[in-house]
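Structure, as structure tokens:
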Amino acid sequence: MKSSQFYPHSLSKLFIGMALAGILSACAGNDPDAEQYGANPALPKPQRGLLPNMTIAEPTPWGNELPTVPQGFTVSAIATDLKVPRQTLVLPNGDILVAEGKGGNASALKPKDVIAGYIKAKGTTKVKGGNRLTLLRDADGDGVYELKTVFAENLNAPYGLALVDNNLYVANQDSLVRFEYREGQTQADGPPTKITDLPSEINHHWTKALTASADGRLLYVGIGSNSNITERGMVAEADRAMIWEINAETGAHRPYATGLRNPTALTIQPETGTLWAVVNERDEIGPNLVPDYLTSVKEGAFYGWPYSYWGQNVDERVRPQDPEKVASAIAPDYALGSHVAALGVDFSEASMGEEFADGVFIGQHGSWNRANPVGYKVVFVPFNQGRPAGAPVDFVTGFRDDNGKTRGRPVGVTVDPKGALIVADDLANVIWRVVRTDVQ
Amino acid sequence: MTVGSGRTLHPIHGALLAGTIPLFLGGALSDYAYSVSYQIQWANFASWLIAGALVFGAIALLCSIIHVIRSPHRGGFVIAYPIFLLATWILGFINSLVHAKDAWASMPTGLVLSVIVLLLACISTWIGFAKFGVGGAR
């Protein structure tokens with residue numbers, strides 16, 4: 001008997017029927033859609049039935065459809081057939097770099113992991129991650145990116161990208177590396193230089209977000225937790241759920257802020273030089289818990305994970321508890337809504353037009369742990385005097401069709417100074433460009 | 001031992017039936033170990049042991065239904081046996097769902113259920129062995 005494979009295999013068959021039944025029952029239920037944005041979101045009591053709510057929207061091709069964008073903008077696919085595009089970087093000459101990959105090597109620890117993994121995989125692309133950077137170029141400025149070429153390959157699930165002068169930094173799932181970059185280059189000169197290793201054991205949350213300080217001397221890397229809520233043990237969480245500050249020259253690092261469950265995208269606020277992050281919060285305590293958030297990141301601050309959420313709301317699932325850590329936890333700035341899965345953030349600029357000039361764009365990959373799916377869009381959070389002010393505005397929608405199937409899932413968003421937003425779609429394997437009509 | 005209220009159980013049936021006891025027992029002990037140590041690996045062990053017991057229990061349950069069908073008379077323990085086994089399995093299944101919750105969310109319900117399910121498995125096995133016996137020879 002293939003004893004090593006007996007349990008996972010037969011169990012997955014045994015339990016799939018049950019799990020599907022659970023999905024059906026979850027679909028029948030109704031989550032109250034709480035208005036859950038801003039500094040003081042409503043936080044209901046934690047709840048969890050025998051089965052977690054799971055709604056995975058079946059993928060469907062875009063066909064001739066396009067995402068929906070606001071009046072005064074048009075959208076087009078500037079690159080297709082990519083290998084799981086995640087984050088993008090607009091280079092000074094207007095070229096676009098795309099990081100492609102799929103990381104993580106978390107093994108199934110419980111029967112639940114086998115089943116949940118199988119179900120969640122239904123909502124993602126079947127394409128194998130490219131482990132590469134692709135360069136897109138629109139030489140004549142007509143909005144058509146006629147050149148699509150591999151800039152660098154043999155990377156390891158690259159995600160975060162940052163350019164400082166002639167240094168192109170790439171955050172792989174296990175290391176931070178640097179390429180020499182000359183303007184106009186379409187291919188890297190050779191393999192990159194490693195600056196430092198990054199925590200990569202298990203890599204339950206594998207994405208390594210990256211941004212550079214305003215002066216370019218420091219790099220910030222977002223490192224996600226190794227579990228939803230410590231179910232892989234406390235030891236696995238060493239050096240996880242935090243943002244590292246790394247000296248770009250020496251590779252020396254220190255924790256800049258901690259208790260951020262999964263900081264999936266980082267950016268620097270242009271006027272202030274402040275570090276901002278979008279963070280994905282914990283699952284399986286209800287459809288309206290815990291809100292994912294956008295926050296300015298305070299140096300040395302503790303944001304609660306795993307012991308508490310949204311400040312000092314204790315999570316009873318964590319043992320041993322730590323009241324002292326909870327007492328030190330601060331609440332983030334701005335709730336985006338529970339389970340929306342914010343994976344991209346970038347500050348806007350004047351070129352995006354008056355209505356969208358001051359604020360941030362946020363790519364929301366979309367939920368799984370909710371009967372009524374949320375996210376699956378790009379929103380704009382308006383700012384006033386450097387702080388979020390008001391409700392998020394839909395910027396790119398239409399990622400789910402009228403039948404509830406999923407055409408695409410937004411990840412990274414990058415503002416092109418020419419007056420466009422670049423959106424990576426890791427389900428359709430497309431790069432979308434949303435551009436002002438009067439610019440193109 | 002009086003063996004007379006039904007056909008004897010097939011040896012494989014008997015082995016699977018009795019096998020639920022050490023598996024559910026291992027699950028309950030692992031739950032206890034997790035509840036006092038907070039070491040997550042015990043919770044993982046418990047999940048798999050319970051899942052294994054459910055696989056054994058499901059086949060034993062199927063055998064027990066066939067056993068009822070093939071029994072010449074269907075009173076008393078012949079009927080009670082699959083009913084206890086079914087109760088064991090259903091509660092065991094609910095227990096496996098409780099164990100699928102992350103970290104301490106499975107506690108203390110998981111430990112309580114594990115003990116109850118273990119007792120039910122013992123009762124089912126006792127009925128099977130004491131009332132019908134195992135093997136071809138009567």
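Chain lettering (A, B, ...) mirrors the order of the structure tokens, residue numbering begins at 1 for each chain separately, and ligand numbering begins at 1 in order of display.
Using only C-alpha atoms, the chain B residues found within 9 Å of chain A amount to Tyr38, Gln39, Ile40, Gln41, Ala43, Asn44, Phe45, Ser47, Trp48, Ala51, Gly52, Val55, Ile94, Ser96, Leu97, Val98, His99, Ala100, Lys101, Asp102, Ala103, Trp104, Ala105, Ser106 and Met107 of chain B.
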Quiz prompt | Selection: 9 Å around Leu54 in chain B, only C-alpha atoms, excl. self and same-chain fewer than 5 positions, as a ChimeraX atom specification | solution = /B:20,24,49,59,89,92-93,96
Quiz item: Taking the backbone alone, and naming residues the way the document does, which bits of range 304-404 of chain A are strand (DSSP E) by DSSP, as number ranges by chain?
Solution: A: 308-309, 313-314, 334-338, 342-347, 359-364, 377-384, 387-388, 393-396
Saved selection, atoms kept: C-alpha atoms, as a PDB file, in the first residue's frame:
```pdb
ATOM      1  CA  SER A 308      -5.295  40.993  18.658  1.00  0.00           C
ATOM      2  CA  TYR A 309      -6.892  42.761  15.698  1.00  0.00           C
ATOM      3  CA  ASN A 313      -9.534  43.183  20.129  1.00  0.00           C
ATOM      4  CA  VAL A 314      -8.185  39.886  21.469  1.00  0.00           C
ATOM      5  CA  TYR A 334      -8.196  52.980   7.348  1.00  0.00           C
ATOM      6  CA  ALA A 335     -10.322  49.821   6.956  1.00  0.00           C
ATOM      7  CA  LEU A 336     -10.901  48.580   3.404  1.00  0.00           C
ATOM      8  CA  GLY A 337     -13.443  45.881   4.300  1.00  0.00           C
ATOM      9  CA  SER A 338     -13.062  42.296   5.461  1.00  0.00           C
ATOM     10  CA  ALA A 342      -5.824  44.142  -0.965  1.00  0.00           C
ATOM     11  CA  LEU A 343      -2.651  43.209  -2.872  1.00  0.00           C
ATOM     12  CA  GLY A 344      -1.661  46.440  -4.559  1.00  0.00           C
ATOM     13  CA  VAL A 345      -1.251  50.065  -3.518  1.00  0.00           C
ATOM     14  CA  ASP A 346       0.141  53.171  -5.183  1.00  0.00           C
ATOM     15  CA  PHE A 347      -0.208  56.902  -4.669  1.00  0.00           C
ATOM     16  CA  GLY A 359      -5.319  59.521  -3.019  1.00  0.00           C
ATOM     17  CA  VAL A 360      -4.257  55.914  -3.456  1.00  0.00           C
ATOM     18  CA  PHE A 361      -5.284  53.169  -5.827  1.00  0.00           C
ATOM     19  CA  ILE A 362      -5.747  49.749  -4.258  1.00  0.00           C
ATOM     20  CA  GLY A 363      -5.967  46.422  -6.097  1.00  0.00           C
ATOM     21  CA  GLN A 364      -8.305  43.957  -4.379  1.00  0.00           C
ATOM     22  CA  LYS A 377     -11.846  45.354  -8.159  1.00  0.00           C
ATOM     23  CA  VAL A 378      -9.522  48.315  -8.008  1.00  0.00           C
ATOM     24  CA  VAL A 379     -10.637  51.158  -5.735  1.00  0.00           C
ATOM     25  CA  PHE A 380      -9.458  54.717  -5.203  1.00  0.00           C
ATOM     26  CA  VAL A 381      -9.251  56.006  -1.649  1.00  0.00           C
ATOM     27  CA  PRO A 382      -9.334  59.806  -1.732  1.00  0.00           C
ATOM     28  CA  PHE A 383      -6.901  61.703   0.501  1.00  0.00           C
ATOM     29  CA  ASN A 384      -7.059  65.155   2.008  1.00  0.00           C
ATOM     30  CA  ARG A 387      -4.742  61.422   5.141  1.00  0.00           C
ATOM     31  CA  PRO A 388      -7.496  59.141   3.789  1.00  0.00           C
ATOM     32  CA  VAL A 393     -14.492  54.869  -5.026  1.00  0.00           C
ATOM     33  CA  ASP A 394     -14.666  52.023  -7.554  1.00  0.00           C
ATOM     34  CA  PHE A 395     -12.027  52.601 -10.212  1.00  0.00           C
ATOM     35  CA  VAL A 396     -11.792  49.352 -12.166  1.00  0.00           C
TER      36      VAL A 396
END
```
Self-check item: Atom pair CA of Arg261 in chain A / CA of Met54 in chain A: separation (Å)
Solution: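 CA of Met54 in chain A lies 20.5 Å from CA of Arg261 in chain A.
Here CA of Gly72 in chain A is placed at a distance of 25.4 Å from CA of Gln385 in chain A.
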Exercise. May I have the residues within 10 Å of range 5-17 of chain B as a PyMOL selection string, using only C-alpha atoms and disregarding those fewer than 2 positions away in the same chain?
Key: chain B and resi 2-3+19-21+53+55-64+67-68+70-78+85+121-122+124-126+128-138
Quiz item: When distances are computed from only C-alpha atoms, which of A:Gly386, A:Gly311, A:Pro410, A:Pro323 shows the smallest separation from Ala39 in chain A?
Solution: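 Counting only C-alpha atoms, the residue closest to Ala39 in chain A is A:Gly311.
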Exercise. DSSP on the backbone, then: every residue of range 115-323 of chain A marked alpha helix (DSSP H), written as a ChimeraX atom specification.
Key: /A:115-121,323
Write the residues of the selection above to a file with C-alpha atoms, as a PDB file, in the first residue's frame.
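Saved result, out39.pdb, follows:
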```pdb
ATOM      1  CA  ILE A 115      -9.416  20.118   1.167  1.00  0.00           C
ATOM      2  CA  ALA A 116      -9.159  23.903   1.469  1.00  0.00           C
ATOM      3  CA  GLY A 117      -6.110  23.903  -0.824  1.00  0.00           C
ATOM      4  CA  TYR A 118      -8.023  21.964  -3.450  1.00  0.00           C
ATOM      5  CA  ILE A 119     -11.000  24.325  -3.282  1.00  0.00           C
ATOM      6  CA  LYS A 120      -8.972  27.550  -3.299  1.00  0.00           C
ATOM      7  CA  ALA A 121      -6.914  26.343  -6.270  1.00  0.00           C
ATOM      8  CA  PRO A 323      -1.818  40.584  27.315  1.00  0.00           C
TER       9      PRO A 323
END
```
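Of the residues listed (A:Ile268, A:Ala236, A:Val278, A:Ile422), A:Ala236 shows the shortest atom-to-atom separation from Ala106 in chain A; distances use only C-alpha atoms.
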